[in-house]
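Okay, entry-v3.tsv now, which holds TSV, C-alpha atoms:
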```
chain	number	residue	atom	x	y	z
A	8	MET	CA	138.93	147.24	203.33
A	9	ILE	CA	140.18	144.44	205.60
A	10	THR	CA	137.81	145.68	208.29
A	11	ASP	CA	134.88	145.42	205.87
A	12	VAL	CA	135.80	141.85	204.92
A	13	VAL	CA	136.08	140.83	208.57
A	14	THR	CA	132.75	142.48	209.38
A	15	GLN	CA	131.08	140.73	206.46
A	16	GLN	CA	132.53	137.40	207.57
A	17	ARG	CA	131.29	137.92	211.11
A	18	ASN	CA	127.82	138.82	209.82
A	19	MET	CA	127.70	135.64	207.75
A	20	GLU	CA	128.80	133.57	210.72
A	21	GLU	CA	126.15	135.22	212.91
A	22	GLU	CA	123.44	134.54	210.33
A	23	ALA	CA	124.54	130.92	210.09
A	24	ARG	CA	124.52	130.62	213.88
A	25	ILE	CA	120.99	132.04	214.06
A	26	ARG	CA	119.73	129.70	211.32
A	27	HIS	CA	121.28	126.71	213.09
A	28	ALA	CA	119.74	127.74	216.42
A	29	ALA	CA	116.33	128.20	214.80
A	30	MET	CA	116.43	124.74	213.21
A	31	ALA	CA	117.70	123.12	216.37
A	32	SER	CA	114.89	124.56	218.49
A	33	ALA	CA	112.11	124.11	215.91
A	34	LEU	CA	109.13	122.06	217.09
A	35	SER	CA	108.84	120.36	213.69
A	36	PRO	CA	111.22	117.47	213.00
A	37	LEU	CA	113.88	118.66	210.53
A	38	ALA	CA	116.79	116.85	208.92
A	39	MET	CA	119.36	117.56	206.21
A	40	PHE	CA	121.00	115.04	203.87
A	41	ASP	CA	123.89	115.13	201.42
A	42	LEU	CA	123.43	114.09	197.78
A	43	GLN	CA	124.14	110.45	198.69
A	44	GLY	CA	121.23	110.43	201.15
A	45	VAL	CA	123.38	110.53	204.28
A	46	VAL	CA	122.11	112.52	207.28
A	47	THR	CA	124.31	115.57	207.84
A	48	TYR	CA	122.07	117.30	210.41
A	49	ALA	CA	118.99	116.52	212.50
A	50	ASN	CA	117.28	118.64	215.12
A	51	ALA	CA	116.06	117.42	218.51
A	52	ALA	CA	112.46	116.97	217.32
A	53	PHE	CA	113.60	114.70	214.47
A	54	ALA	CA	115.77	112.62	216.80
A	55	ASP	CA	112.91	112.36	219.30
A	56	MET	CA	110.47	111.24	216.56
A	57	LEU	CA	112.80	108.38	215.62
A	58	GLY	CA	113.88	107.54	219.16
A	59	TYR	CA	117.57	108.42	218.76
A	60	GLY	CA	117.86	110.71	221.78
A	61	ASP	CA	120.87	112.85	220.88
A	62	PRO	CA	120.53	114.26	217.33
A	63	GLU	CA	124.23	113.56	216.79
A	64	ASN	CA	123.37	109.84	216.81
A	65	LEU	CA	121.62	110.33	213.48
A	66	THR	CA	124.58	111.91	211.71
A	67	GLY	CA	125.92	109.50	209.10
A	68	GLN	CA	122.72	107.43	208.90
A	69	GLN	CA	121.49	106.49	205.42
A	70	ALA	CA	118.04	107.80	204.42
A	71	GLU	CA	117.09	104.30	203.27
A	72	ALA	CA	117.50	103.04	206.83
A	73	LEU	CA	115.06	105.67	208.13
A	74	TRP	CA	112.34	106.01	205.51
A	75	GLY	CA	109.68	103.93	203.89
A	76	LYS	CA	109.01	100.34	203.16
A	77	PRO	CA	111.68	98.28	201.38
A	78	GLY	CA	112.52	100.01	198.11
A	79	GLU	CA	110.28	103.01	198.80
A	80	ALA	CA	113.05	105.20	200.18
A	81	ALA	CA	115.06	104.80	196.97
A	82	ARG	CA	112.04	105.84	194.87
A	83	ILE	CA	111.38	108.85	197.11
A	84	TRP	CA	115.02	109.92	196.90
A	85	GLN	CA	115.11	109.54	193.12
A	86	THR	CA	111.96	111.68	192.77
A	87	LEU	CA	113.57	114.30	194.98
A	88	ILE	CA	116.73	114.36	192.85
A	89	ASP	CA	114.78	114.41	189.57
A	90	THR	CA	112.16	117.04	190.44
A	91	GLY	CA	113.74	119.00	193.27
A	92	ARG	CA	111.11	118.09	195.86
A	93	TRP	CA	108.96	115.31	197.30
A	94	ILE	CA	105.80	115.74	199.38
A	95	GLY	CA	103.90	112.76	200.69
A	96	VAL	CA	103.24	110.28	203.47
A	97	THR	CA	105.61	107.44	204.24
A	98	ASN	CA	106.75	105.24	207.12
A	99	ALA	CA	109.65	106.13	209.37
A	100	SER	CA	111.61	103.46	211.25
A	101	ARG	CA	112.42	104.21	214.89
A	102	LEU	CA	115.59	102.96	216.53
A	103	ASP	CA	113.58	100.36	218.48
A	104	GLY	CA	112.11	98.94	215.25
A	105	SER	CA	108.65	100.44	215.61
A	106	ILE	CA	107.08	102.33	212.72
A	107	ARG	CA	105.73	105.88	212.61
A	108	VAL	CA	103.53	107.30	209.86
A	109	VAL	CA	105.06	110.60	208.77
A	110	GLN	CA	104.04	113.36	206.39
A	111	VAL	CA	107.19	114.65	204.71
A	112	SER	CA	107.98	117.81	202.75
A	113	ALA	CA	111.46	117.53	201.23
A	114	SER	CA	113.34	119.75	198.81
A	115	LEU	CA	116.82	120.09	197.39
A	116	VAL	CA	119.18	122.64	198.91
A	117	ARG	CA	121.17	124.55	196.32
A	118	ALA	CA	124.43	126.46	196.51
A	119	PRO	CA	124.37	130.23	195.79
A	120	ASP	CA	125.57	129.51	192.23
A	121	GLY	CA	122.79	126.98	191.56
A	122	PRO	CA	123.88	123.32	191.80
A	123	PRO	CA	122.26	121.10	194.47
A	124	ILE	CA	124.38	120.37	197.50
A	125	GLY	CA	121.94	118.37	199.61
A	126	ALA	CA	118.34	118.08	200.75
A	127	ILE	CA	116.21	119.16	203.69
A	128	ALA	CA	113.12	117.38	205.02
A	129	SER	CA	110.41	118.73	207.33
A	130	CYS	CA	108.16	116.14	208.98
A	131	VAL	CA	104.85	115.80	210.81
A	132	ASP	CA	104.21	112.60	212.77
A	133	ILE	CA	100.60	111.60	211.92
A	134	THR	CA	100.69	108.11	213.46
A	135	ALA	CA	98.09	108.90	216.12
A	136	GLN	CA	95.81	110.48	213.53
A	137	ARG	CA	96.02	107.44	211.24
A	138	GLU	CA	95.38	105.05	214.14
A	139	ALA	CA	92.35	107.10	215.18
A	140	GLU	CA	91.03	107.08	211.61
A	141	LYS	CA	91.52	103.33	211.40
A	142	ALA	CA	89.75	102.75	214.73
A	143	LEU	CA	86.90	105.05	213.71
A	144	GLY	CA	86.54	103.28	210.38
A	145	GLU	CA	86.40	99.89	212.08
A	146	SER	CA	83.90	101.19	214.65
A	147	GLN	CA	81.70	102.60	211.91
A	148	ARG	CA	81.90	99.34	209.94
A	149	ARG	CA	80.71	97.36	212.97
A	150	LEU	CA	78.00	99.92	213.66
A	151	VAL	CA	76.70	99.73	210.08
A	152	THR	CA	76.67	95.91	210.27
A	153	LEU	CA	74.52	96.08	213.40
A	154	MET	CA	72.29	98.79	211.95
A	155	ASP	CA	71.62	96.79	208.79
A	156	ASN	CA	69.69	94.26	210.87
A	157	LEU	CA	67.22	96.85	212.17
A	158	PRO	CA	63.72	95.70	211.04
A	159	GLY	CA	61.23	98.19	209.57
A	160	GLY	CA	63.55	101.16	209.76
A	161	PHE	CA	67.11	102.39	209.65
A	162	ALA	CA	69.79	103.87	211.86
A	163	PHE	CA	71.66	107.03	210.97
A	164	ARG	CA	74.28	109.60	211.82
A	165	CYS	CA	73.80	113.00	210.21
A	166	ARG	CA	75.24	116.49	210.46
A	167	HIS	CA	73.32	119.22	212.23
A	168	ASP	CA	72.85	121.28	209.07
A	169	PRO	CA	69.81	122.43	207.06
A	170	PHE	CA	69.84	119.21	204.99
A	171	TRP	CA	70.59	116.78	207.87
A	172	THR	CA	73.34	115.47	205.64
A	173	MET	CA	73.78	111.75	206.23
A	174	GLU	CA	77.25	110.51	207.16
A	175	ILE	CA	76.16	106.95	208.01
A	176	ILE	CA	72.84	105.31	207.19
A	177	SER	CA	71.87	101.65	207.23
A	178	LYS	CA	70.44	99.62	204.38
A	179	GLY	CA	66.92	99.77	205.81
A	180	CYS	CA	66.54	103.22	204.25
A	181	PHE	CA	65.90	101.53	200.89
A	182	GLU	CA	62.83	99.70	202.20
A	183	VAL	CA	61.51	102.81	203.95
A	184	LEU	CA	62.44	105.63	201.56
A	185	GLY	CA	63.15	103.89	198.26
A	186	TYR	CA	66.76	105.13	198.13
A	187	PRO	CA	69.91	103.07	198.81
A	188	PRO	CA	72.33	104.37	201.47
A	189	GLU	CA	74.80	105.73	198.92
A	190	ALA	CA	72.08	108.02	197.50
A	191	LEU	CA	71.56	109.73	200.86
A	192	ILE	CA	75.14	109.86	202.14
A	193	GLU	CA	76.55	113.36	201.50
A	194	ASN	CA	73.24	114.16	199.71
A	195	ARG	CA	74.53	112.52	196.53
A	196	MET	CA	71.05	112.04	195.10
A	197	VAL	CA	68.68	113.40	197.71
A	198	ALA	CA	68.81	115.06	201.14
A	199	PHE	CA	66.79	113.42	203.90
A	200	ALA	CA	65.41	116.79	205.04
A	201	THR	CA	63.88	117.43	201.61
A	202	MET	CA	61.83	114.23	201.86
A	203	ILE	CA	59.89	115.45	204.90
A	204	HIS	CA	56.31	116.40	204.08
A	205	PRO	CA	56.06	120.20	203.63
A	206	GLU	CA	53.27	120.39	206.22
A	207	ASP	CA	55.46	118.72	208.86
A	208	GLU	CA	58.89	120.20	208.17
A	209	LYS	CA	58.74	123.33	210.38
A	210	ARG	CA	57.32	121.38	213.33
A	211	VAL	CA	59.98	118.68	213.02
A	212	ARG	CA	62.80	121.20	212.92
A	213	ARG	CA	61.36	123.09	215.89
A	214	GLU	CA	60.97	119.99	218.07
A	215	ILE	CA	64.48	118.71	217.29
A	216	LEU	CA	66.00	122.13	217.90
A	217	GLU	CA	64.21	122.41	221.26
A	218	ALA	CA	65.65	119.03	222.31
A	219	ILE	CA	69.14	120.07	221.19
A	220	ASN	CA	68.94	123.33	223.15
A	221	LEU	CA	67.93	121.36	226.25
A	222	GLY	CA	70.68	118.81	225.64
A	223	ARG	CA	68.30	115.84	225.68
A	224	PRO	CA	67.28	113.07	223.24
A	225	PHE	CA	64.43	113.79	220.85
A	226	GLN	CA	61.50	111.82	219.48
A	227	VAL	CA	59.34	113.16	216.68
A	228	SER	CA	56.82	111.67	214.26
A	229	PHE	CA	56.27	113.01	210.76
A	230	ARG	CA	55.40	112.15	207.20
A	231	VAL	CA	57.83	111.67	204.33
A	232	ILE	CA	57.31	111.45	200.61
A	233	THR	CA	59.20	108.42	199.32
A	234	ARG	CA	61.00	108.05	196.02
A	235	LYS	CA	57.85	106.48	194.53
A	236	GLY	CA	55.70	109.37	195.74
A	237	ASP	CA	54.06	107.40	198.57
A	238	VAL	CA	53.40	109.11	201.91
A	239	LYS	CA	54.71	107.25	204.96
A	240	TRP	CA	54.68	108.02	208.66
A	241	LEU	CA	58.03	107.77	210.44
A	242	MET	CA	59.11	108.05	214.06
A	243	GLN	CA	62.61	109.42	214.54
A	244	GLN	CA	64.49	109.03	217.82
A	245	GLY	CA	67.92	110.51	218.26
A	246	THR	CA	70.55	112.12	220.42
A	247	PRO	CA	72.69	115.18	219.67
A	248	GLN	CA	76.42	114.50	219.82
A	249	ILE	CA	78.00	117.46	221.62
A	250	THR	CA	81.66	118.48	221.28
A	251	GLY	CA	83.76	119.80	224.16
A	252	ARG	CA	82.84	123.35	223.15
A	253	SER	CA	79.10	122.64	223.46
A	254	ALA	CA	78.66	122.59	219.69
A	255	VAL	CA	76.45	119.96	218.07
A	256	GLN	CA	78.75	117.71	216.05
A	257	ALA	CA	76.07	115.36	214.73
A	258	LEU	CA	72.70	113.71	215.35
A	259	GLU	CA	72.54	109.94	215.84
A	260	GLY	CA	69.54	107.70	216.16
A	261	VAL	CA	66.98	105.48	214.46
A	262	VAL	CA	64.01	105.99	212.16
A	263	ILE	CA	61.10	103.54	212.32
A	264	ASP	CA	58.30	103.17	209.76
A	265	ILE	CA	55.04	103.53	211.76
A	266	THR	CA	52.69	103.88	208.77
A	267	ASP	CA	50.73	100.70	209.54
A	268	ARG	CA	50.35	101.74	213.18
A	269	VAL	CA	49.06	105.21	212.27
A	270	VAL	CA	46.64	103.82	209.67
A	271	ALA	CA	45.32	101.26	212.14
A	272	THR	CA	44.82	103.94	214.78
A	273	GLU	CA	42.97	106.19	212.37
```

Is it possible to give me this structure as structure tokens?
Amino acid sequence: MITDVVTQQRNMEEEARIRHAAMASALSPLAMFDLQGVVTYANAAFADMLGYGDPENLTGQQAEALWGKPGEAARIWQTLIDTGRWIGVTNASRLDGSIRVVQVSASLVRAPDGPPIGAIASCVDITAQREAEKALGESQRRLVTLMDNLPGGFAFRCRHDPFWTMEIISKGCFEVLGYPPEALIENRMVAFATMIHPEDEKRVRREILEAINLGRPFQVSFRVITRKGDVKWLMQQGTPQITGRSAVQALEGVVIDITDRVVATE
């Protein structure tokens, strides 16, 4: 009987050792807190994310000193206590005072008999992603501002899909097509591809696809049927945007209304 108890104790200790080793070597930042919000454990990835070096330097730190804007950490902790978990994005304060944007999944840890004894948080540092999104948004805003001044036409960025779904389109599309930009973006009211004259559609697709396959810019002229039912001639110039895996991410370019030119020539 004593042998069985000793064996069971050793097995429990071995399981605890394995769990501790797994958490310590995990690539994801992990930390554990007691019910007062004090750090009781942090792995190397968590310490590295916050610039503490040795994980032991985090032991005893208050959650409020690590998480969120003023007052936010208390609200997050209260939600965790009340509901048993909290999932969201917040700020994390590094030791040097800099801020990281972190996606957190936290849950209460319960004893075998049920009551909570602490909390565990798993983190993903998304600072670089948020900075890239912010830079892209600013770049797109400047691009749209420049595009809005394009006379007699519009600039665009669309997906390489059957609808040529617009991601960005300048205000000139209203003058040319009769639709405001928000009607064409994500095909909310109409898809640009469906406005191409039925007699021109196959040729346009073929010429653009040939240019894409050759990895060169394209230029194609065609008719569209506007929102009012008028037929206009357009000239579209663009360039395929290629990803690192040679896939076409998008088409970017300009569309110019050449109706007057075509009529004059005829």

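Summary of the local environment: counting only C-alpha atoms, residues at most 7 Å from Ala49 (chain A), other than itself and those fewer than 3 positions away along its chain, are Leu37, Ala38, Met39, Phe53, Ala54, Pro62 and Leu65 of chain A.
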
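The smallest atom-to-atom distance between Ile249 (chain A) and any of A:Val108, A:Met56, A:Leu221, A:Ala118, using only C-alpha atoms, is found for A:Leu221.
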
Residues within 12 Å of Gly245 (chain A), please, as a PDB file with C-alpha atoms, in the frame of the given file. Count only C-alpha atoms; anything in the same chain fewer than 5 positions from it doesn't count.
```pdb
ATOM      1  CA  PHE A 161      67.110 102.390 209.650  1.00  0.00           C
ATOM      2  CA  ALA A 162      69.790 103.870 211.860  1.00  0.00           C
ATOM      3  CA  PHE A 163      71.660 107.030 210.970  1.00  0.00           C
ATOM      4  CA  ARG A 164      74.280 109.600 211.820  1.00  0.00           C
ATOM      5  CA  CYS A 165      73.800 113.000 210.210  1.00  0.00           C
ATOM      6  CA  HIS A 167      73.320 119.220 212.230  1.00  0.00           C
ATOM      7  CA  GLU A 214      60.970 119.990 218.070  1.00  0.00           C
ATOM      8  CA  ILE A 215      64.480 118.710 217.290  1.00  0.00           C
ATOM      9  CA  LEU A 216      66.000 122.130 217.900  1.00  0.00           C
ATOM     10  CA  ALA A 218      65.650 119.030 222.310  1.00  0.00           C
ATOM     11  CA  ILE A 219      69.140 120.070 221.190  1.00  0.00           C
ATOM     12  CA  GLY A 222      70.680 118.810 225.640  1.00  0.00           C
ATOM     13  CA  ARG A 223      68.300 115.840 225.680  1.00  0.00           C
ATOM     14  CA  PRO A 224      67.280 113.070 223.240  1.00  0.00           C
ATOM     15  CA  PHE A 225      64.430 113.790 220.850  1.00  0.00           C
ATOM     16  CA  GLN A 226      61.500 111.820 219.480  1.00  0.00           C
ATOM     17  CA  VAL A 227      59.340 113.160 216.680  1.00  0.00           C
ATOM     18  CA  SER A 228      56.820 111.670 214.260  1.00  0.00           C
ATOM     19  CA  ALA A 257      76.070 115.360 214.730  1.00  0.00           C
ATOM     20  CA  LEU A 258      72.700 113.710 215.350  1.00  0.00           C
ATOM     21  CA  GLU A 259      72.540 109.940 215.840  1.00  0.00           C
ATOM     22  CA  GLY A 260      69.540 107.700 216.160  1.00  0.00           C
ATOM     23  CA  VAL A 261      66.980 105.480 214.460  1.00  0.00           C
ATOM     24  CA  VAL A 262      64.010 105.990 212.160  1.00  0.00           C
ATOM     25  CA  ILE A 263      61.100 103.540 212.320  1.00  0.00           C
TER      26      ILE A 263
END
```

| field | Test item: residues at most 12 Å from Pro123 (chain A), all atoms listed in the file, excluding those fewer than 4 positions along its chain, as an MDAnalysis selection string | value | chainID A and resid 40:43 87:92 114:119 127

| request: Kindly indicate which residue among A:Gly95, A:Gly159, A:Gly125, A:Pro188 lies nearest to Glu79 (chain A), using all atoms listed in the file for the distances. | output: A:Gly95

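With all atoms listed in the file as the atoms that count, the minimum distance from Gly179 (chain A) to the choices A:Glu63, A:Glu71, A:Asp264, A:Glu138 is reached by A:Asp264.
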
| said: My list of candidates is A:Asp267, A:Ile203, A:Phe229, A:Arg234. Which is closest to Tyr186 (chain A) when distances are computed with all atoms listed in the file? | reply: A:Arg234

Enclose all atoms of region 80-96 of chain A listed in the file in an axis-aligned box, grow every side by 6 Å, and hand back centre and edge lengths in Å to one decimal, as lines of an AutoDock Vina configuration file.
```
center_x = 110.0
center_y = 111.9
center_z = 196.5
size_x = 25.5
size_y = 26.2
size_z = 25.9
```

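For the set A:Pro122, A:Thr266, A:Gln110, A:Arg210, the residue with the smallest atom-to-atom gap to Val183 (chain A) is A:Thr266, counting all atoms listed in the file.
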
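Interatomic distance, CA of Leu241 (chain A) against CA of His204 (chain A): 10.9 Å.
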
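Going from CA of Ala200 (chain A) to CA of Ile265 (chain A) covers 18.1 Å.
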
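Each of A:Pro169, A:Gly104, A:Gly58, A:Gly44 was checked against Ala81 (chain A) using all atoms listed in the file; the smallest atom-to-atom distance is that of A:Gly44.
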
Atoms added to region 73-84 of chain A (all heavy atoms), reported as an mmCIF file, in the frame of the given file:
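To be explicit, this is the file written out as rebuild.cif:
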```cif
data_model
loop_
_atom_site.group_PDB
_atom_site.id
_atom_site.type_symbol
_atom_site.label_atom_id
_atom_site.label_comp_id
_atom_site.auth_asym_id
_atom_site.auth_seq_id
_atom_site.Cartn_x
_atom_site.Cartn_y
_atom_site.Cartn_z
ATOM 1 N N LEU A 73 116.020 104.915 207.322
ATOM 2 C CA LEU A 73 115.060 105.670 208.130
ATOM 3 C C LEU A 73 113.669 105.720 207.518
ATOM 4 O O LEU A 73 112.673 105.793 208.238
ATOM 5 C CB LEU A 73 115.557 107.113 208.328
ATOM 6 C CG LEU A 73 116.953 107.291 208.913
ATOM 7 C CD1 LEU A 73 117.309 108.774 208.937
ATOM 8 C CD2 LEU A 73 117.027 106.699 210.317
ATOM 9 N N TRP A 74 113.596 105.708 206.188
ATOM 10 C CA TRP A 74 112.340 106.010 205.510
ATOM 11 C C TRP A 74 111.759 104.823 204.777
ATOM 12 O O TRP A 74 112.468 104.047 204.167
ATOM 13 C CB TRP A 74 112.524 107.125 204.476
ATOM 14 C CG TRP A 74 112.996 108.410 205.039
ATOM 15 C CD1 TRP A 74 114.162 109.032 204.770
ATOM 16 C CD2 TRP A 74 112.311 109.251 205.976
ATOM 17 N NE1 TRP A 74 114.255 110.200 205.467
ATOM 18 C CE2 TRP A 74 113.132 110.362 206.221
ATOM 19 C CE3 TRP A 74 111.090 109.165 206.617
ATOM 20 C CZ2 TRP A 74 112.764 111.381 207.090
ATOM 21 C CZ3 TRP A 74 110.714 110.177 207.487
ATOM 22 C CH2 TRP A 74 111.541 111.274 207.712
ATOM 23 N N GLY A 75 110.446 104.746 204.814
ATOM 24 C CA GLY A 75 109.680 103.930 203.890
ATOM 25 C C GLY A 75 109.789 102.439 204.043
ATOM 26 O O GLY A 75 110.569 101.905 204.826
ATOM 27 N N LYS A 76 108.969 101.788 203.261
ATOM 28 C CA LYS A 76 109.010 100.340 203.160
ATOM 29 C C LYS A 76 110.176 99.961 202.257
ATOM 30 O O LYS A 76 110.754 100.829 201.606
ATOM 31 C CB LYS A 76 107.678 99.843 202.573
ATOM 32 C CG LYS A 76 106.468 100.262 203.414
ATOM 33 C CD LYS A 76 105.169 100.035 202.666
ATOM 34 C CE LYS A 76 104.002 100.597 203.466
ATOM 35 N NZ LYS A 76 102.716 100.505 202.751
ATOM 36 N N PRO A 77 110.538 98.674 202.221
ATOM 37 C CA PRO A 77 111.680 98.280 201.380
ATOM 38 C C PRO A 77 111.535 98.775 199.947
ATOM 39 O O PRO A 77 110.529 98.522 199.289
ATOM 40 C CB PRO A 77 111.624 96.738 201.454
ATOM 41 C CG PRO A 77 110.979 96.447 202.766
ATOM 42 C CD PRO A 77 109.974 97.543 202.975
ATOM 43 N N GLY A 78 112.535 99.482 199.471
ATOM 44 C CA GLY A 78 112.520 100.010 198.110
ATOM 45 C C GLY A 78 111.848 101.353 197.966
ATOM 46 O O GLY A 78 112.095 102.070 196.993
ATOM 47 N N GLU A 79 111.000 101.742 198.934
ATOM 48 C CA GLU A 79 110.280 103.010 198.800
ATOM 49 C C GLU A 79 111.200 104.202 198.993
ATOM 50 O O GLU A 79 111.077 105.219 198.303
ATOM 51 C CB GLU A 79 109.129 103.076 199.804
ATOM 52 C CG GLU A 79 108.260 104.313 199.637
ATOM 53 C CD GLU A 79 107.109 104.364 200.618
ATOM 54 O OE1 GLU A 79 107.262 103.871 201.763
ATOM 55 O OE2 GLU A 79 106.057 104.916 200.260
ATOM 56 N N ALA A 80 112.143 104.082 199.912
ATOM 57 C CA ALA A 80 113.050 105.200 200.180
ATOM 58 C C ALA A 80 113.853 105.558 198.940
ATOM 59 O O ALA A 80 114.069 106.744 198.649
ATOM 60 C CB ALA A 80 113.991 104.848 201.341
ATOM 61 N N ALA A 81 114.288 104.542 198.190
ATOM 62 C CA ALA A 81 115.060 104.800 196.970
ATOM 63 C C ALA A 81 114.219 105.544 195.939
ATOM 64 O O ALA A 81 114.698 106.460 195.261
ATOM 65 C CB ALA A 81 115.570 103.484 196.389
ATOM 66 N N ARG A 82 112.931 105.158 195.825
ATOM 67 C CA ARG A 82 112.040 105.840 194.870
ATOM 68 C C ARG A 82 111.785 107.286 195.289
ATOM 69 O O ARG A 82 111.767 108.190 194.454
ATOM 70 C CB ARG A 82 110.728 105.071 194.756
ATOM 71 C CG ARG A 82 110.859 103.712 194.069
ATOM 72 C CD ARG A 82 109.506 103.141 193.716
ATOM 73 N NE ARG A 82 108.688 102.876 194.899
ATOM 74 C CZ ARG A 82 108.708 101.735 195.566
ATOM 75 N NH1 ARG A 82 109.515 100.752 195.190
ATOM 76 N NH2 ARG A 82 107.930 101.558 196.612
ATOM 77 N N ILE A 83 111.596 107.493 196.606
ATOM 78 C CA ILE A 83 111.380 108.850 197.110
ATOM 79 C C ILE A 83 112.607 109.718 196.819
ATOM 80 O O ILE A 83 112.493 110.858 196.348
ATOM 81 C CB ILE A 83 111.074 108.821 198.620
ATOM 82 C CG1 ILE A 83 109.707 108.176 198.869
ATOM 83 C CG2 ILE A 83 111.119 110.229 199.210
ATOM 84 C CD1 ILE A 83 109.401 107.955 200.334
ATOM 85 N N TRP A 84 113.779 109.153 197.091
ATOM 86 C CA TRP A 84 115.020 109.920 196.900
ATOM 87 C C TRP A 84 115.237 110.246 195.424
ATOM 88 O O TRP A 84 115.631 111.358 195.084
ATOM 89 C CB TRP A 84 116.209 109.134 197.451
ATOM 90 C CG TRP A 84 117.487 109.917 197.408
ATOM 91 C CD1 TRP A 84 118.505 109.786 196.524
ATOM 92 C CD2 TRP A 84 117.835 110.997 198.271
ATOM 93 N NE1 TRP A 84 119.489 110.691 196.793
ATOM 94 C CE2 TRP A 84 119.109 111.458 197.867
ATOM 95 C CE3 TRP A 84 117.223 111.596 199.362
ATOM 96 C CZ2 TRP A 84 119.760 112.502 198.502
ATOM 97 C CZ3 TRP A 84 117.862 112.638 200.000
ATOM 98 C CH2 TRP A 84 119.120 113.089 199.570
#
```
